[in-house]
$ cat target-v5.cif   # mmCIF, C-alpha atoms
data_structure
loop_
_atom_site.label_atom_id
_atom_site.label_comp_id
_atom_site.auth_asym_id
_atom_site.auth_seq_id
_atom_site.Cartn_x
_atom_site.Cartn_y
_atom_site.Cartn_z
CA MET A 1 0.00 0.00 0.00
CA LYS A 2 2.85 2.39 0.89
CA LYS A 3 4.60 1.61 -2.42
CA ARG A 4 1.43 2.35 -4.35
CA LYS A 5 0.95 5.64 -2.50
CA GLY A 6 4.56 6.55 -3.17
CA LEU A 7 4.12 5.80 -6.87
CA LYS A 8 1.09 8.07 -7.04
CA VAL A 9 3.02 10.90 -5.40
CA LEU A 10 5.89 10.40 -7.86
CA ILE A 11 3.48 10.45 -10.82
CA ILE A 12 1.88 13.64 -9.58
CA ILE A 13 5.28 15.33 -9.17
CA LEU A 14 6.42 14.23 -12.63
CA SER A 15 3.16 15.34 -14.22
CA VAL A 16 3.46 18.81 -12.71
CA ILE A 17 7.06 19.12 -13.92
CA ILE A 18 6.20 17.98 -17.44
CA LEU A 19 3.19 20.26 -17.64
CA ALA A 20 5.23 23.22 -16.38
CA LEU A 21 8.02 22.60 -18.89
CA THR A 22 5.51 22.30 -21.71
CA VAL A 23 3.83 25.58 -20.80
CA ILE A 24 7.14 27.42 -20.34
CA THR A 25 9.02 26.15 -23.38
CA VAL A 26 6.31 25.62 -25.98
CA PRO A 27 3.49 28.16 -26.35
CA ALA A 28 0.25 26.31 -27.11
CA LYS A 29 -0.34 28.11 -30.41
CA LEU A 30 3.12 27.12 -31.65
CA MET A 31 2.98 23.51 -30.49
CA PRO A 32 2.55 21.22 -33.53
CA THR A 33 0.48 18.08 -33.58
CA VAL A 34 2.39 15.12 -32.22
CA LYS A 35 2.17 11.39 -32.79
CA SER A 36 0.87 9.33 -29.90
CA SER A 37 3.77 6.93 -30.40
CA LEU A 38 5.77 9.31 -28.19
CA SER A 39 3.85 7.99 -25.19
CA PHE A 40 3.19 4.66 -23.51
CA THR A 41 -0.46 3.89 -22.85
CA LEU A 42 -1.67 5.48 -26.08
CA THR A 43 -0.01 2.69 -28.05
CA ASP A 44 -0.84 -0.40 -26.02
CA GLU A 45 -3.87 -2.69 -26.18
CA ASN A 46 -5.64 -0.65 -23.50
CA ALA A 47 -5.28 2.61 -25.42
CA PRO A 48 -7.96 5.23 -24.69
CA LYS A 49 -10.23 6.65 -27.36
CA LEU A 50 -9.04 9.92 -28.87
CA ALA A 51 -11.45 12.75 -29.71
CA ALA A 52 -10.40 15.70 -31.84
CA HIS A 53 -11.18 18.89 -29.92
CA ARG A 54 -13.45 21.07 -32.09
CA GLY A 55 -12.44 18.82 -34.96
CA LEU A 56 -8.80 18.69 -35.99
CA SER A 57 -8.48 22.30 -34.86
CA ALA A 58 -4.68 22.32 -34.66
CA LEU A 59 -4.59 22.31 -38.47
CA TYR A 60 -8.03 23.46 -39.62
CA PRO A 61 -10.52 26.13 -38.49
CA GLN A 62 -12.23 24.90 -35.32
CA ASN A 63 -15.82 23.67 -35.30
CA THR A 64 -16.03 23.60 -39.10
CA VAL A 65 -16.91 20.82 -41.51
CA PRO A 66 -13.31 20.63 -42.86
CA ALA A 67 -11.95 20.20 -39.32
CA ILE A 68 -14.43 17.40 -38.66
CA GLU A 69 -13.74 15.70 -41.98
CA LYS A 70 -9.99 15.78 -41.34
CA ALA A 71 -10.50 14.32 -37.87
CA ALA A 72 -12.28 11.39 -39.52
CA GLU A 73 -9.59 11.03 -42.19
CA ASN A 74 -6.86 10.96 -39.53
CA GLY A 75 -8.45 8.09 -37.64
CA PHE A 76 -9.84 9.79 -34.54
CA TRP A 77 -12.45 7.79 -32.64
CA GLY A 78 -14.54 10.91 -32.18
CA PHE A 79 -14.77 14.64 -32.73
CA GLU A 80 -15.89 17.17 -30.13
CA ILE A 81 -17.98 20.15 -31.21
CA ASP A 82 -19.86 22.95 -29.45
CA ILE A 83 -23.46 23.89 -30.22
CA HIS A 84 -25.68 26.90 -29.60
CA THR A 85 -29.18 27.81 -30.70
CA THR A 86 -29.94 30.71 -33.01
CA LYS A 87 -32.71 33.27 -32.58
CA ASP A 88 -35.08 31.03 -34.53
CA GLY A 89 -34.08 27.94 -32.54
CA GLU A 90 -31.71 26.24 -34.99
CA TRP A 91 -28.67 24.34 -33.73
CA VAL A 92 -25.34 25.68 -35.02
CA VAL A 93 -21.75 24.66 -34.34
CA ILE A 94 -19.65 27.37 -32.71
CA HIS A 95 -17.76 27.63 -29.42
CA ASN A 96 -18.34 31.16 -28.14
CA ASP A 97 -21.61 32.85 -27.24
CA THR A 98 -20.79 35.48 -29.86
CA VAL A 99 -19.68 35.28 -33.49
CA ASP A 100 -16.99 37.95 -33.04
CA ALA A 101 -13.91 35.76 -32.61
CA MET A 102 -14.53 33.44 -35.57
CA THR A 103 -16.38 35.48 -38.20
CA ASP A 104 -16.59 38.84 -39.94
CA GLY A 105 -19.70 39.65 -37.89
CA THR A 106 -20.44 40.78 -34.36
CA GLY A 107 -23.09 39.88 -31.84
CA GLU A 108 -24.46 36.99 -29.83
CA VAL A 109 -25.25 33.78 -31.66
CA SER A 110 -28.74 33.84 -30.16
CA SER A 111 -29.42 37.24 -31.79
CA PHE A 112 -29.06 35.83 -35.32
CA THR A 113 -31.53 33.78 -37.30
CA LEU A 114 -30.02 30.85 -39.17
CA GLU A 115 -30.37 32.74 -42.44
CA GLU A 116 -28.52 35.72 -40.97
CA ILE A 117 -25.74 33.64 -39.44
CA LYS A 118 -25.18 31.86 -42.76
CA LYS A 119 -24.38 35.23 -44.33
CA LEU A 120 -21.30 35.53 -42.11
CA SER A 121 -17.92 34.15 -43.18
CA ILE A 122 -15.42 32.50 -40.86
CA ASP A 123 -12.21 34.55 -40.96
CA SER A 124 -10.19 33.05 -38.09
CA GLY A 125 -8.61 29.73 -37.17
CA ASN A 126 -5.72 27.48 -38.16
CA GLY A 127 -5.48 27.04 -41.91
CA ILE A 128 -8.12 29.70 -42.62
CA LYS A 129 -6.03 31.09 -45.49
CA ASN A 130 -6.99 27.98 -47.46
CA TYR A 131 -10.70 28.88 -47.34
CA THR A 132 -12.40 31.84 -48.97
CA ASP A 133 -16.00 31.66 -47.76
CA LEU A 134 -16.26 29.15 -44.91
CA LYS A 135 -19.55 29.18 -43.02
CA ILE A 136 -20.69 28.30 -39.50
CA PRO A 137 -22.19 24.83 -39.94
CA THR A 138 -25.51 23.65 -38.63
CA LEU A 139 -25.39 20.63 -36.36
CA LYS A 140 -27.01 18.58 -39.13
CA GLU A 141 -24.24 19.59 -41.54
CA ALA A 142 -21.59 18.59 -38.99
CA LEU A 143 -23.27 15.24 -38.33
CA ALA A 144 -23.35 14.48 -42.06
CA VAL A 145 -19.66 13.52 -41.78
CA CYS A 146 -20.78 10.52 -39.70
CA LYS A 147 -22.63 9.10 -42.71
CA HIS A 148 -19.32 8.51 -44.46
CA SER A 149 -17.26 7.52 -41.41
CA ASP A 150 -17.51 5.57 -38.17
CA ILE A 151 -16.38 8.63 -36.24
CA VAL A 152 -18.40 9.44 -33.11
CA PRO A 153 -19.88 12.93 -32.57
CA ILE A 154 -19.28 14.33 -29.08
CA ILE A 155 -21.65 17.25 -28.75
CA GLU A 156 -21.09 19.89 -26.09
CA ILE A 157 -24.21 21.90 -25.38
CA LYS A 158 -23.38 25.52 -24.69
CA ASN A 159 -25.79 28.42 -24.25
CA CYS A 160 -29.10 27.28 -25.71
CA ASP A 161 -32.87 27.36 -25.69
CA THR A 162 -33.82 24.22 -23.74
CA GLU A 163 -37.21 24.25 -25.42
CA ARG A 164 -35.34 23.05 -28.50
CA PHE A 165 -34.20 19.87 -26.77
CA PRO A 166 -37.00 17.77 -28.35
CA ALA A 167 -35.80 18.95 -31.78
CA LEU A 168 -32.22 18.02 -30.86
CA ALA A 169 -33.32 14.56 -29.78
CA GLU A 170 -35.35 14.13 -32.96
CA LEU A 171 -32.38 15.18 -35.10
CA LEU A 172 -30.10 12.59 -33.51
CA LYS A 173 -32.75 9.91 -33.90
CA SER A 174 -33.50 10.82 -37.53
CA GLU A 175 -29.77 10.65 -38.30
CA LYS A 176 -29.61 7.30 -36.45
CA LEU A 177 -27.01 8.72 -34.07
CA ASP A 178 -28.87 8.65 -30.77
CA LYS A 179 -27.10 5.40 -29.82
CA LYS A 180 -23.74 6.56 -31.17
CA ALA A 181 -23.40 10.22 -30.22
CA VAL A 182 -22.15 11.43 -26.84
CA ILE A 183 -23.76 14.50 -25.24
CA ILE A 184 -21.56 16.52 -22.90
CA SER A 185 -22.14 19.68 -20.89
CA PHE A 186 -21.08 21.62 -17.81
CA GLU A 187 -24.77 22.31 -17.20
CA ARG A 188 -26.35 19.53 -15.16
CA GLU A 189 -29.81 20.85 -15.98
CA TYR A 190 -29.20 20.16 -19.67
CA LEU A 191 -28.30 16.53 -19.04
CA GLU A 192 -31.25 16.04 -16.72
CA LYS A 193 -33.68 17.47 -19.26
CA LEU A 194 -32.25 15.49 -22.14
CA ARG A 195 -32.11 12.11 -20.42
CA PRO A 196 -35.87 11.31 -20.83
CA LEU A 197 -35.68 12.41 -24.48
CA LEU A 198 -32.53 10.40 -25.24
CA PRO A 199 -32.65 7.39 -22.88
CA GLU A 200 -30.04 5.41 -24.86
CA THR A 201 -27.60 8.23 -25.54
CA GLU A 202 -24.34 8.28 -23.61
CA MET A 203 -23.71 11.51 -21.73
CA MET A 204 -20.79 12.97 -19.83
CA LEU A 205 -20.75 15.69 -17.21
CA LEU A 206 -17.99 18.23 -17.79
CA VAL A 207 -16.14 19.39 -14.70
CA HIS A 208 -12.84 20.95 -13.78
CA THR A 209 -12.25 18.87 -10.65
CA VAL A 210 -13.92 15.51 -10.05
CA THR A 211 -15.77 15.16 -6.73
CA LYS A 212 -17.74 12.36 -5.14
CA GLU A 213 -20.84 14.52 -5.46
CA SER A 214 -20.33 14.91 -9.23
CA ILE A 215 -19.94 11.14 -9.58
CA ASP A 216 -23.15 10.60 -7.61
CA PHE A 217 -24.92 12.90 -10.08
CA CYS A 218 -23.65 10.78 -12.98
CA LEU A 219 -24.89 7.64 -11.27
CA LYS A 220 -28.30 9.21 -10.69
CA ILE A 221 -28.71 10.24 -14.35
CA GLY A 222 -27.54 6.86 -15.63
CA ASN A 223 -25.32 6.07 -18.62
CA THR A 224 -23.37 9.21 -17.78
CA GLY A 225 -19.63 9.56 -17.39
CA ILE A 226 -17.38 12.27 -15.99
CA ASP A 227 -15.08 14.36 -18.20
CA TYR A 228 -12.58 16.49 -16.24
CA ASN A 229 -9.86 19.06 -16.79
CA HIS A 230 -6.62 17.06 -16.94
CA LYS A 231 -4.78 19.88 -15.16
CA ASP A 232 -6.81 19.05 -12.05
CA LEU A 233 -5.79 15.39 -12.00
CA TYR A 234 -3.98 15.72 -8.67
CA LYS A 235 -7.10 17.26 -7.08
CA SER A 236 -9.34 14.50 -8.41
CA LEU A 237 -7.52 11.30 -7.46
CA GLY A 238 -9.85 10.21 -4.67
CA ALA A 239 -13.00 10.91 -6.64
CA LEU A 240 -11.55 9.20 -9.71
CA ARG A 241 -11.07 6.07 -7.63
CA TYR A 242 -14.71 6.36 -6.54
CA ALA A 243 -15.72 6.69 -10.21
CA ARG A 244 -13.80 3.55 -11.16
CA GLU A 245 -15.27 1.59 -8.26
CA ASN A 246 -18.77 2.53 -9.44
CA GLY A 247 -18.22 1.92 -13.15
CA VAL A 248 -18.49 5.56 -14.19
CA LYS A 249 -16.68 6.23 -17.48
CA ILE A 250 -13.85 8.75 -17.19
CA GLY A 251 -12.72 11.25 -19.80
CA ALA A 252 -10.04 13.95 -19.66
CA TRP A 253 -9.85 17.26 -21.52
CA THR A 254 -8.00 18.95 -23.26
CA VAL A 255 -4.78 16.91 -23.22
CA ASP A 256 -2.09 17.96 -25.70
CA ASN A 257 0.98 16.33 -24.13
CA PRO A 258 1.16 12.55 -24.74
CA LEU A 259 3.00 11.86 -21.48
CA TYR A 260 0.41 13.78 -19.52
CA ALA A 261 -2.25 11.77 -21.35
CA ASP A 262 -0.53 8.68 -19.96
CA PHE A 263 -1.03 9.93 -16.41
CA THR A 264 -4.76 10.40 -16.95
CA VAL A 265 -5.02 6.91 -18.46
CA TRP A 266 -3.19 5.39 -15.50
CA PHE A 267 -5.91 6.88 -13.30
CA GLY A 268 -8.78 5.56 -15.38
CA ALA A 269 -9.34 7.86 -18.37
CA GLU A 270 -10.94 5.98 -21.26
CA LEU A 271 -11.47 9.04 -23.45
CA ILE A 272 -8.92 11.76 -24.22
CA THR A 273 -9.99 14.99 -25.91
CA THR A 274 -7.03 16.63 -27.62
CA ASN A 275 -5.92 19.40 -29.95
CA LYS A 276 -2.49 18.01 -30.70
CA ILE A 277 -2.21 14.24 -30.28
CA LEU A 278 -2.82 12.23 -33.44
CA PRO A 279 -4.01 8.60 -33.41
#
$ encode --input "target-v5.cif" --output "structure tokens"
Amino acid sequence: MKKRKGLKVLIIILSVIILALTVITVPAKLMPTVKSSLSFTLTDENAPKLAAHRGLSALYPQNTVPAIEKAAENGFWGFEIDIHTTKDGEWVVIHNDTVDAMTDGTGEVSSFTLEEIKKLSIDSGNGIKNYTDLKIPTLKEALAVCKHSDIVPIIEIKNCDTERFPALAELLKSEKLDKKAVIISFEREYLEKLRPLLPETEMMLLVHTVTKESIDFCLKIGNTGIDYNHKDLYKSLGALRYARENGVKIGAWTVDNPLYADFTVWFGAELITTNKILP
């Protein structure tokens, strides 16, 4: 028992050192994609599933159809995207509450109708110079990639009109993705409201630090895992053990260092969301 405790302490110390060196020596925007062969657990038979954060956003504009298509082409198990609702209740794929950072427009996503938001052009993101008139995709357009690939959509619900949840559930069912997609959110209310509408859809609660109370919530909802900020691994060790003991699936976000990904896997992570690590 003492040896195991000592090993955990050593792993925590090493993880902090590696993370610190990565932050100090390699600015995130300059850090290229890396092959997972640089690590240990990502190449063995118990390798976790890799999800491309906002599509393959290290090389292509985030949350766009090209980024999702390239994630599929590069062999990712899944792609993570963010969704909001427009003024007229349509689901669109964009990270921020506003369109300012990614497009030539300004204003909150919820203030635009779908027709109005489609008039905007994306003018920011990695590789944007290769695209002349890239548009914010609807969720349906993003999910269309799944028709030509086995890739799994991981859908993070951001600011939205919860009255549109029945339409979201119907969309996933009509696309035959309700048993394949994963719904994630920081908002517990969203998961609670969606569960009756999507009883067979896997969900994951997003958190920074894992707690026993957050695991109990996942157990109450059913078929719901926990997806935590990998930087808070050392704060979450006890609760992660509780999650494993109760069969709650564990994911870690957003892990760009393969060695750090190893640490999360050693403590139970089955899903790694990443900008940089390639399958």
$ resolve_selection --input "target-v5.cif" --expression "the PyMOL selection byres ((chain A and resi 67-81) around 7)" --output "number ranges by chain"
A: 49-57, 60-66, 82-83, 93, 145, 149, 151-156, 279
$ resolve_selection --input "target-v5.cif" --expression "the PyMOL selection byres ((chain A and resi 253) around 7)" --output "VMD selection string"
chain A and resid 227 to 230 251 to 252 254 to 255 272 to 274
$ closest_residue --input "target-v5.cif" --among "A:Leu171, A:Leu177, A:Ala269, A:Ile122" --to "Ala101 in chain A" --atoms "all atoms listed in the file"
A:Ile122
$ residues_around --input "target-v5.cif" --residues "range 190-199 of chain A" --least-positions-apart "4" --cutoff "10 Å" --atoms "only C-alpha atoms" --output "PDB file with C-alpha atoms, keeping the file's coordinate frame"
ATOM      1  CA  ILE A 157     -24.210  21.900 -25.380  1.00  0.00           C
ATOM      2  CA  LYS A 158     -23.380  25.520 -24.690  1.00  0.00           C
ATOM      3  CA  CYS A 160     -29.100  27.280 -25.710  1.00  0.00           C
ATOM      4  CA  THR A 162     -33.820  24.220 -23.740  1.00  0.00           C
ATOM      5  CA  GLU A 163     -37.210  24.250 -25.420  1.00  0.00           C
ATOM      6  CA  PHE A 165     -34.200  19.870 -26.770  1.00  0.00           C
ATOM      7  CA  PRO A 166     -37.000  17.770 -28.350  1.00  0.00           C
ATOM      8  CA  ALA A 167     -35.800  18.950 -31.780  1.00  0.00           C
ATOM      9  CA  LEU A 168     -32.220  18.020 -30.860  1.00  0.00           C
ATOM     10  CA  ALA A 169     -33.320  14.560 -29.780  1.00  0.00           C
ATOM     11  CA  GLU A 170     -35.350  14.130 -32.960  1.00  0.00           C
ATOM     12  CA  LEU A 172     -30.100  12.590 -33.510  1.00  0.00           C
ATOM     13  CA  LYS A 173     -32.750   9.910 -33.900  1.00  0.00           C
ATOM     14  CA  ASP A 178     -28.870   8.650 -30.770  1.00  0.00           C
ATOM     15  CA  LYS A 179     -27.100   5.400 -29.820  1.00  0.00           C
ATOM     16  CA  ILE A 183     -23.760  14.500 -25.240  1.00  0.00           C
ATOM     17  CA  ILE A 184     -21.560  16.520 -22.900  1.00  0.00           C
ATOM     18  CA  SER A 185     -22.140  19.680 -20.890  1.00  0.00           C
ATOM     19  CA  PHE A 186     -21.080  21.620 -17.810  1.00  0.00           C
ATOM     20  CA  MET A 203     -23.710  11.510 -21.730  1.00  0.00           C
ATOM     21  CA  MET A 204     -20.790  12.970 -19.830  1.00  0.00           C
ATOM     22  CA  LEU A 205     -20.750  15.690 -17.210  1.00  0.00           C
ATOM     23  CA  PHE A 217     -24.920  12.900 -10.080  1.00  0.00           C
ATOM     24  CA  CYS A 218     -23.650  10.780 -12.980  1.00  0.00           C
ATOM     25  CA  LYS A 220     -28.300   9.210 -10.690  1.00  0.00           C
ATOM     26  CA  ILE A 221     -28.710  10.240 -14.350  1.00  0.00           C
ATOM     27  CA  GLY A 222     -27.540   6.860 -15.630  1.00  0.00           C
ATOM     28  CA  ASN A 223     -25.320   6.070 -18.620  1.00  0.00           C
ATOM     29  CA  THR A 224     -23.370   9.210 -17.780  1.00  0.00           C
TER      30      THR A 224
END
$ resolve_selection --input "target-v5.cif" --expression "the PyMOL selection byres ((chain A and resi 213) around 12)" --output "PDB file with C-alpha atoms, in the coordinates of the input"
ATOM      1  CA  LEU A 205     -20.750  15.690 -17.210  1.00  0.00           C
ATOM      2  CA  VAL A 207     -16.140  19.390 -14.700  1.00  0.00           C
ATOM      3  CA  THR A 209     -12.250  18.870 -10.650  1.00  0.00           C
ATOM      4  CA  VAL A 210     -13.920  15.510 -10.050  1.00  0.00           C
ATOM      5  CA  THR A 211     -15.770  15.160  -6.730  1.00  0.00           C
ATOM      6  CA  LYS A 212     -17.740  12.360  -5.140  1.00  0.00           C
ATOM      7  CA  SER A 214     -20.330  14.910  -9.230  1.00  0.00           C
ATOM      8  CA  ILE A 215     -19.940  11.140  -9.580  1.00  0.00           C
ATOM      9  CA  ASP A 216     -23.150  10.600  -7.610  1.00  0.00           C
ATOM     10  CA  PHE A 217     -24.920  12.900 -10.080  1.00  0.00           C
ATOM     11  CA  CYS A 218     -23.650  10.780 -12.980  1.00  0.00           C
ATOM     12  CA  LEU A 219     -24.890   7.640 -11.270  1.00  0.00           C
ATOM     13  CA  LYS A 220     -28.300   9.210 -10.690  1.00  0.00           C
ATOM     14  CA  ILE A 226     -17.380  12.270 -15.990  1.00  0.00           C
ATOM     15  CA  SER A 236      -9.340  14.500  -8.410  1.00  0.00           C
ATOM     16  CA  GLY A 238      -9.850  10.210  -4.670  1.00  0.00           C
ATOM     17  CA  ALA A 239     -13.000  10.910  -6.640  1.00  0.00           C
ATOM     18  CA  LEU A 240     -11.550   9.200  -9.710  1.00  0.00           C
ATOM     19  CA  TYR A 242     -14.710   6.360  -6.540  1.00  0.00           C
ATOM     20  CA  ALA A 243     -15.720   6.690 -10.210  1.00  0.00           C
TER      21      ALA A 243
END
$ closest_residue --input "target-v5.cif" --among "A:Lys180, A:Arg188, A:Lys235, A:Arg244" --to "Glu200 in chain A" --atoms "all atoms listed in the file"
A:Lys180
$ atom_distance --input "target-v5.cif" --atom1 "CA of Glu270 in chain A" --atom2 "CA of Ala142 in chain A"
24.2 Å
$ atom_distance --input "target-v5.cif" --atom1 "CA of Arg241 in chain A" --atom2 "CA of Asp262 in chain A"
16.4 Å
$ atom_distance --input "target-v5.cif" --atom1 "CA of Asn257 in chain A" --atom2 "CA of Glu245 in chain A"
27.1 Å
$ decode --input "target-v5.cif" --residues "range 166-184 of chain A" --atoms "N, CA and C atoms" --output "mmCIF file, in the first residue's frame"
data_model
loop_
_atom_site.group_PDB
_atom_site.id
_atom_site.type_symbol
_atom_site.label_atom_id
_atom_site.label_comp_id
_atom_site.auth_asym_id
_atom_site.auth_seq_id
_atom_site.Cartn_x
_atom_site.Cartn_y
_atom_site.Cartn_z
ATOM 1 N N PRO A 166 -36.299 18.808 -27.582
ATOM 2 C CA PRO A 166 -37.004 17.765 -28.352
ATOM 3 C C PRO A 166 -36.548 17.729 -29.816
ATOM 4 N N ALA A 167 -36.273 18.900 -30.391
ATOM 5 C CA ALA A 167 -35.801 18.955 -31.775
ATOM 6 C C ALA A 167 -34.403 18.356 -31.887
ATOM 7 N N LEU A 168 -33.563 18.602 -30.870
ATOM 8 C CA LEU A 168 -32.218 18.016 -30.859
ATOM 9 C C LEU A 168 -32.306 16.500 -30.786
ATOM 10 N N ALA A 169 -33.150 16.008 -29.909
ATOM 11 C CA ALA A 169 -33.324 14.558 -29.782
ATOM 12 C C ALA A 169 -33.841 13.960 -31.084
ATOM 13 N N GLU A 170 -34.788 14.632 -31.712
ATOM 14 C CA GLU A 170 -35.351 14.135 -32.962
ATOM 15 C C GLU A 170 -34.303 14.120 -34.066
ATOM 16 N N LEU A 171 -33.442 15.141 -34.094
ATOM 17 C CA LEU A 171 -32.380 15.184 -35.095
ATOM 18 C C LEU A 171 -31.447 13.995 -34.948
ATOM 19 N N LEU A 172 -31.007 13.722 -33.722
ATOM 20 C CA LEU A 172 -30.102 12.594 -33.506
ATOM 21 C C LEU A 172 -30.762 11.271 -33.874
ATOM 22 N N LYS A 173 -32.028 11.145 -33.566
ATOM 23 C CA LYS A 173 -32.747 9.913 -33.900
ATOM 24 C C LYS A 173 -32.939 9.778 -35.403
ATOM 25 N N SER A 174 -33.277 10.875 -36.074
ATOM 26 C CA SER A 174 -33.497 10.820 -37.526
ATOM 27 C C SER A 174 -32.204 10.508 -38.277
ATOM 28 N N GLU A 175 -31.069 10.941 -37.694
ATOM 29 C CA GLU A 175 -29.766 10.652 -38.302
ATOM 30 C C GLU A 175 -29.205 9.315 -37.820
ATOM 31 N N LYS A 176 -30.013 8.600 -37.009
ATOM 32 C CA LYS A 176 -29.605 7.300 -36.449
ATOM 33 C C LYS A 176 -28.300 7.414 -35.661
ATOM 34 N N LEU A 177 -28.207 8.480 -34.878
ATOM 35 C CA LEU A 177 -27.007 8.724 -34.073
ATOM 36 C C LEU A 177 -27.302 8.781 -32.582
ATOM 37 N N ASP A 178 -28.543 8.541 -32.186
ATOM 38 C CA ASP A 178 -28.872 8.654 -30.767
ATOM 39 C C ASP A 178 -28.198 7.576 -29.923
ATOM 40 N N LYS A 179 -27.803 6.459 -30.544
ATOM 41 C CA LYS A 179 -27.103 5.398 -29.817
ATOM 42 C C LYS A 179 -25.586 5.473 -30.032
ATOM 43 N N LYS A 180 -25.162 6.428 -30.845
ATOM 44 C CA LYS A 180 -23.738 6.555 -31.166
ATOM 45 C C LYS A 180 -23.138 7.840 -30.609
ATOM 46 N N ALA A 181 -23.898 8.916 -30.665
ATOM 47 C CA ALA A 181 -23.400 10.216 -30.217
ATOM 48 C C ALA A 181 -23.195 10.242 -28.705
ATOM 49 N N VAL A 182 -22.366 11.175 -28.267
ATOM 50 C CA VAL A 182 -22.154 11.431 -26.845
ATOM 51 C C VAL A 182 -22.506 12.888 -26.593
ATOM 52 N N ILE A 183 -23.385 13.135 -25.620
ATOM 53 C CA ILE A 183 -23.759 14.495 -25.242
ATOM 54 C C ILE A 183 -22.972 14.893 -24.004
ATOM 55 N N ILE A 184 -22.320 16.054 -24.047
ATOM 56 C CA ILE A 184 -21.558 16.516 -22.898
ATOM 57 C C ILE A 184 -21.958 17.954 -22.562
#
